[in-house]
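Trainee: My structure is stored as coords-v3.pdb, with PDB, C-alpha atoms.
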ATOM      1  CA  MET A  26     -33.406 -75.856  36.157
ATOM      2  CA  ASN A  27     -33.275 -73.911  39.379
ATOM      3  CA  LEU A  28     -30.543 -71.546  40.450
ATOM      4  CA  GLY A  29     -32.312 -70.872  43.683
ATOM      5  CA  THR A  30     -29.427 -70.967  46.154
ATOM      6  CA  ALA A  31     -25.795 -69.893  45.878
ATOM      7  CA  GLU A  32     -23.323 -70.448  48.706
ATOM      8  CA  GLU A  33     -20.312 -68.261  49.547
ATOM      9  CA  GLU A  34     -19.061 -69.773  52.828
ATOM     10  CA  PRO A  35     -20.221 -72.567  55.142
ATOM     11  CA  GLY A  36     -23.239 -71.293  57.071
ATOM     12  CA  GLN A  37     -23.859 -68.417  54.660
ATOM     13  CA  GLU A  38     -26.423 -68.634  51.865
ATOM     14  CA  ILE A  39     -27.901 -66.374  49.221
ATOM     15  CA  HIS A  40     -31.427 -67.268  48.159
ATOM     16  CA  ILE A  41     -31.913 -66.115  44.543
ATOM     17  CA  PRO A  42     -35.396 -66.122  42.948
ATOM     18  CA  ALA A  43     -35.949 -69.385  41.049
ATOM     19  CA  GLU A  44     -35.451 -69.328  37.282
ATOM     20  CA  ILE A  45     -38.662 -69.273  35.227
ATOM     21  CA  ASP A  46     -38.539 -71.990  32.565
ATOM     22  CA  TRP A  47     -40.502 -72.499  29.335
ATOM     23  CA  GLU A  48     -43.416 -74.426  30.903
ATOM     24  CA  MET A  49     -44.126 -71.576  33.353
ATOM     25  CA  LEU A  50     -44.598 -68.902  30.658
ATOM     26  CA  ASP A  51     -47.764 -67.499  29.106
ATOM     27  CA  LYS A  52     -46.533 -67.794  25.500
ATOM     28  CA  SER A  53     -48.808 -65.106  23.975
ATOM     29  CA  LYS A  54     -47.819 -62.523  26.569
ATOM     30  CA  PHE A  55     -44.166 -63.572  26.278
ATOM     31  CA  PHE A  56     -43.955 -62.963  22.509
ATOM     32  CA  ILE A  57     -46.100 -59.793  22.379
ATOM     33  CA  LEU A  58     -44.346 -58.058  25.275
ATOM     34  CA  GLY A  59     -40.995 -59.354  24.022
ATOM     35  CA  ALA A  60     -41.489 -57.756  20.598
ATOM     36  CA  ALA A  61     -42.262 -54.378  22.188
ATOM     37  CA  LEU A  62     -39.469 -54.424  24.773
ATOM     38  CA  PHE A  63     -36.709 -55.657  22.464
ATOM     39  CA  SER A  64     -37.709 -53.220  19.705
ATOM     40  CA  GLY A  65     -37.060 -50.371  22.133
ATOM     41  CA  VAL A  66     -33.678 -51.803  23.139
ATOM     42  CA  SER A  67     -32.671 -52.296  19.474
ATOM     43  CA  GLY A  68     -33.594 -48.694  18.666
ATOM     44  CA  ALA A  69     -31.432 -47.339  21.475
ATOM     45  CA  LEU A  70     -28.346 -49.310  20.376
ATOM     46  CA  TYR A  71     -28.739 -49.064  16.588
ATOM     47  CA  PRO A  72     -26.422 -46.025  16.046
ATOM     48  CA  VAL A  73     -23.526 -47.950  17.631
ATOM     49  CA  VAL A  74     -24.103 -50.796  15.151
ATOM     50  CA  VAL A  75     -24.036 -48.319  12.233
ATOM     51  CA  VAL A  76     -20.684 -46.879  13.401
ATOM     52  CA  LYS A  77     -19.240 -50.381  13.855
ATOM     53  CA  THR A  78     -20.337 -51.434  10.355
ATOM     54  CA  ARG A  79     -18.838 -48.297   8.754
ATOM     55  CA  GLN A  80     -15.526 -48.999  10.510
ATOM     56  CA  GLN A  81     -15.456 -52.600   9.323
ATOM     57  CA  VAL A  82     -15.827 -51.736   5.616
ATOM     58  CA  ALA A  83     -13.442 -48.749   5.682
ATOM     59  CA  GLN A  84     -10.007 -49.174   4.089
ATOM     60  CA  SER A  85      -8.144 -47.565   6.985
ATOM     61  CA  GLN A  86      -8.491 -47.460  10.748
ATOM     62  CA  VAL A  87     -10.592 -44.527  11.965
ATOM     63  CA  SER A  88     -11.722 -44.133  15.579
ATOM     64  CA  CYS A  89     -15.351 -44.785  16.392
ATOM     65  CA  ILE A  90     -15.834 -41.205  17.661
ATOM     66  CA  ARG A  91     -14.463 -39.676  14.449
ATOM     67  CA  THR A  92     -16.582 -42.074  12.393
ATOM     68  CA  GLY A  93     -19.737 -41.121  14.273
ATOM     69  CA  ILE A  94     -19.032 -37.379  14.040
ATOM     70  CA  SER A  95     -18.277 -37.723  10.327
ATOM     71  CA  ILE A  96     -21.572 -39.514   9.674
ATOM     72  CA  VAL A  97     -23.618 -36.870  11.508
ATOM     73  CA  ARG A  98     -21.705 -33.946   9.963
ATOM     74  CA  GLN A  99     -21.826 -35.173   6.349
ATOM     75  CA  GLU A 100     -25.106 -37.097   6.251
ATOM     76  CA  GLY A 101     -27.152 -35.839   9.185
ATOM     77  CA  PHE A 102     -28.339 -37.519  12.363
ATOM     78  CA  ARG A 103     -30.855 -39.648  10.453
ATOM     79  CA  ALA A 104     -27.945 -41.546   8.848
ATOM     80  CA  LEU A 105     -27.337 -43.198  12.238
ATOM     81  CA  TYR A 106     -30.728 -44.897  11.801
ATOM     82  CA  ARG A 107     -30.391 -45.789   8.118
ATOM     83  CA  GLY A 108     -31.866 -49.270   7.639
ATOM     84  CA  PHE A 109     -33.482 -49.310  11.089
ATOM     85  CA  GLY A 110     -36.992 -49.908   9.732
ATOM     86  CA  THR A 111     -35.825 -53.004   7.870
ATOM     87  CA  SER A 112     -33.891 -54.211  10.893
ATOM     88  CA  LEU A 113     -36.883 -53.686  13.187
ATOM     89  CA  ILE A 114     -39.308 -55.560  10.916
ATOM     90  CA  GLY A 115     -36.943 -58.523  10.718
ATOM     91  CA  THR A 116     -35.941 -58.453  14.380
ATOM     92  CA  ILE A 117     -39.458 -59.242  15.634
ATOM     93  CA  PRO A 118     -39.815 -62.707  13.994
ATOM     94  CA  ALA A 119     -36.091 -63.427  14.420
ATOM     95  CA  ARG A 120     -36.201 -62.570  18.123
ATOM     96  CA  ALA A 121     -39.362 -64.662  18.611
ATOM     97  CA  LEU A 122     -37.666 -67.636  16.929
ATOM     98  CA  TYR A 123     -34.533 -67.044  19.003
ATOM     99  CA  MET A 124     -36.369 -66.885  22.333
ATOM    100  CA  ALA A 125     -38.479 -69.977  21.591
ATOM    101  CA  ALA A 126     -35.444 -72.053  20.554
ATOM    102  CA  LEU A 127     -33.463 -70.765  23.548
ATOM    103  CA  GLU A 128     -36.051 -71.570  26.195
ATOM    104  CA  VAL A 129     -37.124 -74.949  24.785
ATOM    105  CA  THR A 130     -33.513 -76.135  24.375
ATOM    106  CA  LYS A 131     -32.401 -74.797  27.762
ATOM    107  CA  SER A 132     -35.287 -76.505  29.538
ATOM    108  CA  ASN A 133     -34.805 -79.873  27.805
ATOM    109  CA  VAL A 134     -30.991 -79.956  27.913
ATOM    110  CA  GLY A 135     -30.958 -78.689  31.505
ATOM    111  CA  SER A 136     -33.244 -81.501  32.654
ATOM    112  CA  ALA A 137     -31.228 -84.080  30.709
ATOM    113  CA  THR A 138     -27.863 -82.970  32.154
ATOM    114  CA  VAL A 139     -29.211 -83.017  35.712
ATOM    115  CA  ARG A 140     -30.549 -86.554  35.157
ATOM    116  CA  LEU A 141     -27.076 -87.577  33.952
ATOM    117  CA  GLY A 142     -25.735 -86.616  37.368
ATOM    118  CA  LEU A 143     -23.794 -83.473  36.442
ATOM    119  CA  PRO A 144     -23.377 -80.876  39.224
ATOM    120  CA  GLU A 145     -25.907 -78.059  38.905
ATOM    121  CA  PRO A 146     -23.342 -75.323  37.970
ATOM    122  CA  THR A 147     -21.921 -77.524  35.195
ATOM    123  CA  ALA A 148     -25.393 -78.550  34.029
ATOM    124  CA  ALA A 149     -26.463 -74.894  33.893
ATOM    125  CA  ALA A 150     -23.386 -73.875  31.855
ATOM    126  CA  VAL A 151     -23.854 -76.773  29.392
ATOM    127  CA  ALA A 152     -27.586 -76.095  29.014
ATOM    128  CA  ASN A 153     -26.996 -72.374  28.427
ATOM    129  CA  ALA A 154     -24.244 -73.027  25.860
ATOM    130  CA  VAL A 155     -26.302 -75.543  23.864
ATOM    131  CA  ALA A 156     -29.377 -73.311  24.060
ATOM    132  CA  GLY A 157     -27.435 -70.285  22.806
ATOM    133  CA  LEU A 158     -25.971 -72.331  19.947
ATOM    134  CA  SER A 159     -29.334 -73.685  18.762
ATOM    135  CA  ALA A 160     -31.100 -70.317  19.166
ATOM    136  CA  ALA A 161     -28.481 -68.510  17.065
ATOM    137  CA  MET A 162     -28.640 -71.112  14.285
ATOM    138  CA  ALA A 163     -32.443 -70.933  14.144
ATOM    139  CA  ALA A 164     -32.570 -67.124  14.184
ATOM    140  CA  GLN A 165     -29.963 -66.768  11.393
ATOM    141  CA  LEU A 166     -32.520 -68.083   8.905
ATOM    142  CA  VAL A 167     -34.307 -64.734   9.350
ATOM    143  CA  TRP A 168     -31.452 -62.522  10.519
ATOM    144  CA  THR A 169     -29.062 -63.095   7.604
ATOM    145  CA  PRO A 170     -31.303 -61.538   4.882
ATOM    146  CA  ILE A 171     -32.240 -58.700   7.232
ATOM    147  CA  ASP A 172     -28.568 -58.124   8.083
ATOM    148  CA  ILE A 173     -27.611 -57.923   4.422
ATOM    149  CA  VAL A 174     -30.343 -55.423   3.525
ATOM    150  CA  SER A 175     -29.865 -53.225   6.603
ATOM    151  CA  GLN A 176     -26.043 -53.255   6.295
ATOM    152  CA  ARG A 177     -26.239 -52.242   2.613
ATOM    153  CA  LEU A 178     -28.328 -49.282   3.724
ATOM    154  CA  MET A 179     -25.975 -48.485   6.636
ATOM    155  CA  VAL A 180     -22.875 -48.104   4.455
ATOM    156  CA  GLN A 181     -24.659 -46.218   1.693
ATOM    157  CA  GLY A 182     -23.330 -42.679   1.843
ATOM    158  CA  SER A 183     -20.173 -40.640   1.796
ATOM    159  CA  GLY A 184     -18.789 -42.587   4.761
ATOM    160  CA  SER A 185     -18.409 -45.720   2.618
ATOM    161  CA  SER A 186     -14.866 -45.416   1.325
ATOM    162  CA  SER A 187     -14.149 -48.927   0.089
ATOM    163  CA  PRO A 188     -13.576 -49.250  -3.662
ATOM    164  CA  ASN A 189     -15.482 -52.557  -3.621
ATOM    165  CA  ALA A 190     -18.593 -51.062  -2.030
ATOM    166  CA  SER A 191     -21.757 -51.945  -3.916
ATOM    167  CA  THR A 192     -22.517 -49.403  -6.658
ATOM    168  CA  CYS A 193     -26.283 -49.870  -6.297
ATOM    169  CA  ARG A 194     -28.207 -47.050  -4.662
ATOM    170  CA  TYR A 195     -31.150 -48.028  -2.503
ATOM    171  CA  VAL A 196     -34.179 -45.901  -1.684
ATOM    172  CA  ASN A 197     -35.316 -48.039   1.257
ATOM    173  CA  GLY A 198     -35.323 -51.604   2.525
ATOM    174  CA  ILE A 199     -37.927 -52.821   0.026
ATOM    175  CA  ASP A 200     -35.952 -51.314  -2.860
ATOM    176  CA  ALA A 201     -32.729 -52.919  -1.564
ATOM    177  CA  PHE A 202     -34.453 -56.292  -1.211
ATOM    178  CA  ARG A 203     -35.811 -56.106  -4.774
ATOM    179  CA  LYS A 204     -32.481 -55.045  -6.317
ATOM    180  CA  ILE A 205     -30.484 -57.723  -4.478
ATOM    181  CA  ILE A 206     -32.934 -60.385  -5.734
ATOM    182  CA  ASN A 207     -32.765 -59.032  -9.314
ATOM    183  CA  ILE A 208     -28.953 -58.868  -9.396
ATOM    184  CA  ASP A 209     -27.814 -61.795  -7.251
ATOM    185  CA  GLY A 210     -30.936 -63.951  -7.026
ATOM    186  CA  PRO A 211     -32.254 -65.429  -3.755
ATOM    187  CA  ARG A 212     -28.710 -66.544  -2.858
ATOM    188  CA  GLY A 213     -27.795 -62.859  -2.592
ATOM    189  CA  LEU A 214     -29.910 -62.594   0.549
ATOM    190  CA  TYR A 215     -27.916 -65.397   2.157
ATOM    191  CA  ARG A 216     -24.444 -64.207   1.193
ATOM    192  CA  GLY A 217     -22.162 -65.045   4.097
ATOM    193  CA  PHE A 218     -24.743 -67.339   5.725
ATOM    194  CA  GLY A 219     -22.047 -69.907   6.592
ATOM    195  CA  ILE A 220     -19.756 -67.335   8.191
ATOM    196  CA  SER A 221     -22.792 -65.872  10.008
ATOM    197  CA  ILE A 222     -23.424 -69.251  11.603
ATOM    198  CA  LEU A 223     -19.714 -69.541  12.437
ATOM    199  CA  THR A 224     -19.868 -66.066  14.010
ATOM    200  CA  TYR A 225     -23.133 -66.048  15.927
ATOM    201  CA  ALA A 226     -23.457 -69.695  16.968
ATOM    202  CA  PRO A 227     -20.127 -69.817  18.889
ATOM    203  CA  SER A 228     -20.686 -66.234  20.061
ATOM    204  CA  ASN A 229     -24.029 -67.155  21.619
ATOM    205  CA  ALA A 230     -22.678 -70.400  23.065
ATOM    206  CA  VAL A 231     -19.753 -68.508  24.630
ATOM    207  CA  TRP A 232     -22.050 -65.735  25.837
ATOM    208  CA  TRP A 233     -24.661 -67.919  27.536
ATOM    209  CA  ALA A 234     -22.088 -70.243  29.099
ATOM    210  CA  SER A 235     -20.021 -67.245  30.292
ATOM    211  CA  TYR A 236     -23.144 -65.576  31.639
ATOM    212  CA  SER A 237     -24.068 -68.659  33.672
ATOM    213  CA  VAL A 238     -20.561 -68.976  35.154
ATOM    214  CA  THR A 239     -20.064 -65.228  35.676
ATOM    215  CA  GLN A 240     -23.395 -64.851  37.434
ATOM    216  CA  ARG A 241     -22.438 -67.491  39.988
ATOM    217  CA  LEU A 242     -19.018 -65.883  40.520
ATOM    218  CA  VAL A 243     -20.608 -62.458  41.048
ATOM    219  CA  TRP A 244     -23.076 -63.882  43.559
ATOM    220  CA  ALA A 245     -20.249 -65.672  45.372
ATOM    221  CA  GLY A 246     -18.207 -62.472  45.601
ATOM    222  CA  VAL A 247     -19.706 -59.028  45.035
ATOM    223  CA  GLY A 248     -23.253 -60.307  45.503
ATOM    224  CA  CYS A 249     -22.617 -61.214  49.130
ATOM    225  CA  TYR A 250     -21.292 -57.755  49.893
ATOM    226  CA  LEU A 251     -24.239 -56.026  48.196
ATOM    227  CA  CYS A 252     -26.771 -58.207  49.981
ATOM    228  CA  ARG A 253     -25.376 -57.726  53.521
ATOM    229  CA  LYS A 254     -28.020 -55.359  54.845
ATOM    230  CA  LYS A 255     -30.068 -57.091  57.488
ATOM    231  CA  ASP A 256     -29.070 -60.710  57.923
ATOM    232  CA  ASN A 257     -31.324 -63.229  59.636
ATOM    233  CA  GLY A 258     -29.389 -65.900  61.525
ATOM    234  CA  ASN A 259     -30.474 -69.456  60.678
ATOM    235  CA  GLU A 260     -30.436 -72.405  63.031
ATOM    236  CA  ASN A 261     -26.757 -73.108  62.233
ATOM    237  CA  GLY A 262     -25.707 -69.630  63.292
ATOM    238  CA  GLY A 263     -25.013 -68.557  59.723
ATOM    239  CA  TYR A 264     -26.612 -65.983  57.493
ATOM    240  CA  LEU A 265     -29.607 -66.248  55.180
ATOM    241  CA  MET A 266     -29.621 -63.509  52.537
ATOM    242  CA  ARG A 267     -32.648 -62.761  50.378
ATOM    243  CA  PRO A 268     -31.646 -60.100  47.821
ATOM    244  CA  ASP A 269     -34.363 -57.792  46.519
ATOM    245  CA  SER A 270     -35.307 -57.619  42.822
ATOM    246  CA  ARG A 271     -33.081 -54.576  42.146
ATOM    247  CA  THR A 272     -30.023 -56.391  43.506
ATOM    248  CA  VAL A 273     -30.842 -59.444  41.382
ATOM    249  CA  MET A 274     -31.155 -57.265  38.255
ATOM    250  CA  ALA A 275     -27.875 -55.479  39.061
ATOM    251  CA  VAL A 276     -25.988 -58.781  39.362
ATOM    252  CA  GLN A 277     -27.594 -60.056  36.147
ATOM    253  CA  GLY A 278     -26.580 -56.839  34.355
ATOM    254  CA  ILE A 279     -22.948 -56.975  35.535
ATOM    255  CA  SER A 280     -22.687 -60.663  34.608
ATOM    256  CA  ALA A 281     -24.190 -60.009  31.167
ATOM    257  CA  ALA A 282     -21.799 -57.112  30.455
ATOM    258  CA  LEU A 283     -18.745 -59.231  31.342
ATOM    259  CA  ALA A 284     -19.993 -62.133  29.230
ATOM    260  CA  GLY A 285     -20.790 -59.789  26.314
ATOM    261  CA  GLY A 286     -17.321 -58.261  26.349
ATOM    262  CA  MET A 287     -15.671 -61.689  26.367
ATOM    263  CA  SER A 288     -17.846 -62.903  23.488
ATOM    264  CA  ALA A 289     -17.136 -59.740  21.440
ATOM    265  CA  LEU A 290     -13.375 -60.156  21.812
ATOM    266  CA  ILE A 291     -13.383 -63.831  20.836
ATOM    267  CA  THR A 292     -15.623 -63.526  17.756
ATOM    268  CA  MET A 293     -14.607 -60.062  16.435
ATOM    269  CA  PRO A 294     -12.503 -61.280  13.442
ATOM    270  CA  LEU A 295     -15.359 -63.489  12.236
ATOM    271  CA  ASP A 296     -17.818 -60.593  12.495
ATOM    272  CA  THR A 297     -15.541 -58.308  10.439
ATOM    273  CA  ILE A 298     -15.142 -60.957   7.721
ATOM    274  CA  LYS A 299     -18.901 -61.615   7.694
ATOM    275  CA  THR A 300     -19.779 -57.921   7.374
ATOM    276  CA  ARG A 301     -17.374 -57.391   4.474
ATOM    277  CA  MET A 302     -18.637 -60.473   2.644
ATOM    278  CA  GLN A 303     -22.229 -59.297   2.947
ATOM    279  CA  VAL A 304     -21.662 -55.651   2.026
ATOM    280  CA  LEU A 305     -18.780 -55.482  -0.486
ATOM    281  CA  ASP A 306     -18.536 -56.788  -4.054
ATOM    282  CA  GLY A 307     -15.574 -58.992  -4.889
ATOM    283  CA  ALA A 308     -12.661 -57.472  -6.809
ATOM    284  CA  GLU A 309     -11.970 -60.784  -8.550
ATOM    285  CA  ASN A 310     -15.443 -62.186  -9.007
ATOM    286  CA  GLY A 311     -17.572 -59.058  -9.344
ATOM    287  CA  ARG A 312     -21.049 -58.999  -7.880
ATOM    288  CA  CYS A 313     -20.842 -62.518  -6.527
ATOM    289  CA  GLY A 314     -19.137 -61.081  -3.459
ATOM    290  CA  PRO A 315     -15.695 -61.853  -2.029
ATOM    291  CA  THR A 316     -14.880 -65.283  -0.655
ATOM    292  CA  ILE A 317     -13.617 -65.800   2.890
ATOM    293  CA  SER A 318      -9.995 -66.130   1.704
ATOM    294  CA  GLN A 319     -10.252 -62.999  -0.482
ATOM    295  CA  THR A 320     -11.732 -61.036   2.410
ATOM    296  CA  ILE A 321      -8.957 -62.106   4.804
ATOM    297  CA  ARG A 322      -6.235 -61.278   2.243
ATOM    298  CA  THR A 323      -7.735 -57.820   1.654
ATOM    299  CA  LEU A 324      -7.953 -57.087   5.378
ATOM    300  CA  VAL A 325      -4.364 -58.195   6.026
ATOM    301  CA  ARG A 326      -3.150 -56.138   3.043
ATOM    302  CA  GLU A 327      -4.964 -53.030   4.332
ATOM    303  CA  GLY A 328      -3.853 -53.137   7.951
ATOM    304  CA  GLY A 329      -2.313 -56.429   8.981
ATOM    305  CA  TRP A 330      -4.093 -58.932  11.224
ATOM    306  CA  TRP A 331      -5.242 -56.088  13.486
ATOM    307  CA  ALA A 332      -7.551 -55.009  10.646
ATOM    308  CA  CYS A 333      -9.752 -57.970  11.619
ATOM    309  CA  TYR A 334     -10.420 -56.101  14.864
ATOM    310  CA  ARG A 335     -11.651 -52.874  13.260
ATOM    311  CA  GLY A 336     -14.778 -51.753  15.046
ATOM    312  CA  LEU A 337     -13.889 -53.711  18.213
ATOM    313  CA  GLY A 338     -14.575 -50.674  20.439
ATOM    314  CA  PRO A 339     -18.137 -50.094  19.193
ATOM    315  CA  ARG A 340     -18.828 -53.835  19.036
ATOM    316  CA  TRP A 341     -17.487 -54.344  22.572
ATOM    317  CA  ALA A 342     -19.612 -51.430  23.815
ATOM    318  CA  SER A 343     -22.619 -52.529  21.775
ATOM    319  CA  MET A 344     -22.474 -56.168  22.927
ATOM    320  CA  SER A 345     -21.835 -55.227  26.567
ATOM    321  CA  MET A 346     -24.632 -52.631  26.645
ATOM    322  CA  SER A 347     -26.894 -54.857  24.583
ATOM    323  CA  ALA A 348     -26.195 -57.845  26.824
ATOM    324  CA  THR A 349     -26.903 -55.822  29.965
ATOM    325  CA  THR A 350     -30.146 -54.323  28.660
ATOM    326  CA  MET A 351     -31.236 -57.494  26.879
ATOM    327  CA  ILE A 352     -30.737 -59.824  29.848
ATOM    328  CA  THR A 353     -32.395 -57.498  32.361
ATOM    329  CA  THR A 354     -35.243 -56.918  29.886
ATOM    330  CA  TYR A 355     -35.405 -60.642  29.180
ATOM    331  CA  GLU A 356     -35.571 -61.637  32.847
ATOM    332  CA  PHE A 357     -38.132 -58.868  33.485
ATOM    333  CA  LEU A 358     -40.147 -60.127  30.496
ATOM    334  CA  LYS A 359     -40.134 -63.688  31.839
ATOM    335  CA  ARG A 360     -41.447 -62.504  35.196
ATOM    336  CA  LEU A 361     -44.173 -60.462  33.490
ATOM    337  CA  SER A 362     -45.125 -63.480  31.360
ATOM    338  CA  ALA A 363     -45.157 -66.083  34.136
ATOM    339  CA  LYS A 364     -48.487 -67.862  34.428
ATOM    340  CA  ASN A 365     -48.506 -67.628  38.227
TER     341      ASN A 365
END
Would you mind giving the structure from this file in structure tokens?

Mentor:
Amino acid sequence: MNLGTAEEEPGQEIHIPAEIDWEMLDKSKFFILGAALFSGVSGALYPVVVVKTRQQVAQSQVSCIRTGISIVRQEGFRALYRGFGTSLIGTIPARALYMAALEVTKSNVGSATVRLGLPEPTAAAVANAVAGLSAAMAAQLVWTPIDIVSQRLMVQGSGSSSPNASTCRYVNGIDAFRKIINIDGPRGLYRGFGISILTYAPSNAVWWASYSVTQRLVWAGVGCYLCRKKDNGNENGGYLMRPDSRTVMAVQGISAALAGGMSALITMPLDTIKTRMQVLDGAENGRCGPTISQTIRTLVREGGWWACYRGLGPRWASMSMSATTMITTYEFLKRLSAKN
């Protein structure tokens, strides 16, 4: 699929660099550089994820700033990176699986929708949505166990105030993995797998579709203004704009942040339910973990339906910042990994 040209008005065109698809990539370079680049991005955003997770399992609403200060004051700065090693080890294969599924699906679905006669903007949105959906479902096979182990480590400490918090104490990720297997069996590593799929699959579909649409809207509006430096008149008397790479990255970043914020708002209740199911033990069924209905009832009892939106601020910030850095890193990675 090619998003090479976007039009604002008759006689005025913006020529955007063509999208690099799966067949154009050097796969070895793509995965090796991707692991390094995305590990750095994950490390920068990890403290925000820790604060968000602490807020979601707390019994009462506490601001993200107070939660962060409390963690550092009572447990030290290192507590903001508790479970990061486990998360990093799991992120590399999960991210590789995600990127492969994303690019292969986007390329195949994009070609199929164009052949069906759909307009290119619609075809791009459909291809991005289906690609995001399939990539999230594939990656959850690795991400769910890693999420459970890293989240157990995140909430371990004085900041975990829920009475149903797991009573096990973990030394590190390996110790947590071993104890979860011993107590709950292999199913313990996939607690909340269904709700994870229901959270991340729609979230990714919404995000990629929103990103495709938002990017075109930004180019049609703000992009034209940013690109109006030195215009070369074409034979029709209009304007031909060729934005530089920094302008392209800026538009991609703005589009990604808007799409990330929208996705965070839509899927926040599901993420809160998922986190509680994976971290807390059930009051009625012990170590088996709470069911979806039990989790919802507990949240509503603690703070009404708004309790499902605990941690929205950090998650909104995390997803917007993550989306901006991830998409610019991702597009940069694809250009580095192009065969030609």

Trainee: Mind telling me what the PyMOL selection byres ((chain A and resi 162-177) around 7) catches here, as an MDAnalysis selection string?

Mentor: chainID A and resid 108:109 111:112 115 119 122:123 158:161 178:181 198 201:202 214:215 218 222 226 303:304

Trainee: Excluding A:Val75 and its own-chain neighbours fewer than 4 positions away, which residues fall within 12 Å of it when counting all atoms listed in the file? Please give them as a ChimeraX atom specification.

Mentor: /A:67-71,79-82,89,92-93,96-97,102-109,112,172,175-182,184-185,300,336,339-340,343

Trainee: Translate the PyMOL selection byres ((chain A and resi 345-353) around 9), as applied to the file shown, into an explicit residue set as JSON, numbers by chain.

Mentor: {"A": [63, 66, 67, 70, 232, 274, 275, 277, 278, 279, 280, 281, 282, 283, 284, 285, 286, 287, 289, 340, 341, 342, 343, 344, 354, 355, 356, 357, 358]}

Trainee: From the set A:Phe56, A:Tyr225, A:Trp47, A:Tyr195, which residue has the shortest atom-to-atom contact distance to A:Pro118, counting all atoms listed in the file?

Mentor: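 Nearest to A:Pro118: A:Phe56.
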
Trainee: Which residues would end up in the selection if the PyMOL selection byres ((chain A and resi 293) around 10) were applied here, given that I need the answer as number ranges by chain?

Mentor: A: 224, 228, 288-292, 294-299, 333-337, 340-341

Trainee: Dig up all the protein and nucleic acid residues within 10 Å of (-36.9, -76.0, 28.1) in the file frame, using all atoms listed in the file, and format them as a PDB file with C-alpha atoms, in the coordinates of the input.

Mentor:
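Below you can see result-v1.pdb, which holds the result:
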ATOM      1  CA  MET A  26     -33.406 -75.856  36.157  1.00  0.00           C
ATOM      2  CA  ILE A  45     -38.662 -69.273  35.227  1.00  0.00           C
ATOM      3  CA  ASP A  46     -38.539 -71.990  32.565  1.00  0.00           C
ATOM      4  CA  TRP A  47     -40.502 -72.499  29.335  1.00  0.00           C
ATOM      5  CA  GLU A  48     -43.416 -74.426  30.903  1.00  0.00           C
ATOM      6  CA  MET A  49     -44.126 -71.576  33.353  1.00  0.00           C
ATOM      7  CA  ALA A 125     -38.479 -69.977  21.591  1.00  0.00           C
ATOM      8  CA  ALA A 126     -35.444 -72.053  20.554  1.00  0.00           C
ATOM      9  CA  LEU A 127     -33.463 -70.765  23.548  1.00  0.00           C
ATOM     10  CA  GLU A 128     -36.051 -71.570  26.195  1.00  0.00           C
ATOM     11  CA  VAL A 129     -37.124 -74.949  24.785  1.00  0.00           C
ATOM     12  CA  THR A 130     -33.513 -76.135  24.375  1.00  0.00           C
ATOM     13  CA  LYS A 131     -32.401 -74.797  27.762  1.00  0.00           C
ATOM     14  CA  SER A 132     -35.287 -76.505  29.538  1.00  0.00           C
ATOM     15  CA  ASN A 133     -34.805 -79.873  27.805  1.00  0.00           C
ATOM     16  CA  VAL A 134     -30.991 -79.956  27.913  1.00  0.00           C
ATOM     17  CA  GLY A 135     -30.958 -78.689  31.505  1.00  0.00           C
ATOM     18  CA  SER A 136     -33.244 -81.501  32.654  1.00  0.00           C
ATOM     19  CA  ALA A 152     -27.586 -76.095  29.014  1.00  0.00           C
ATOM     20  CA  ALA A 156     -29.377 -73.311  24.060  1.00  0.00           C
TER      21      ALA A 156
END

Trainee: How many Å separate atom CA of A:Gln240 from atom CA of A:Val276?

Mentor: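 Computing the Euclidean distance for atom CA of A:Gln240 and atom CA of A:Val276 yields 6.9 Å.
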
Trainee: How many Å lie between atom CA of A:Trp330 and atom CA of A:Val231, rounded to one decimal?

Mentor: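 Interatomic distance, atom CA of A:Trp330 to atom CA of A:Val231: 22.7 Å.
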
Trainee: How many Å separate atom CA of A:Arg322 from atom CA of A:Gln84?

Mentor: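 Distance between the two atoms: 12.8 Å.
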
Trainee: Around all listed atoms of stretch 82-87 of chain A, padded 3 Å per side, what centre and edge lengths does the axis-aligned box have in Å to one decimal, as AutoDock Vina command-line options?

Mentor:
--center_x -12.0 --center_y -48.1 --center_z 8.0 --size_x 13.7 --size_y 13.2 --size_z 13.9

Trainee: Which of these residues is nearest to A:Leu58, using only C-alpha atoms: A:Leu113, A:Ala121, A:Val196, A:Val73?

Mentor: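 Closest to A:Leu58 of all the choices is A:Ala121.
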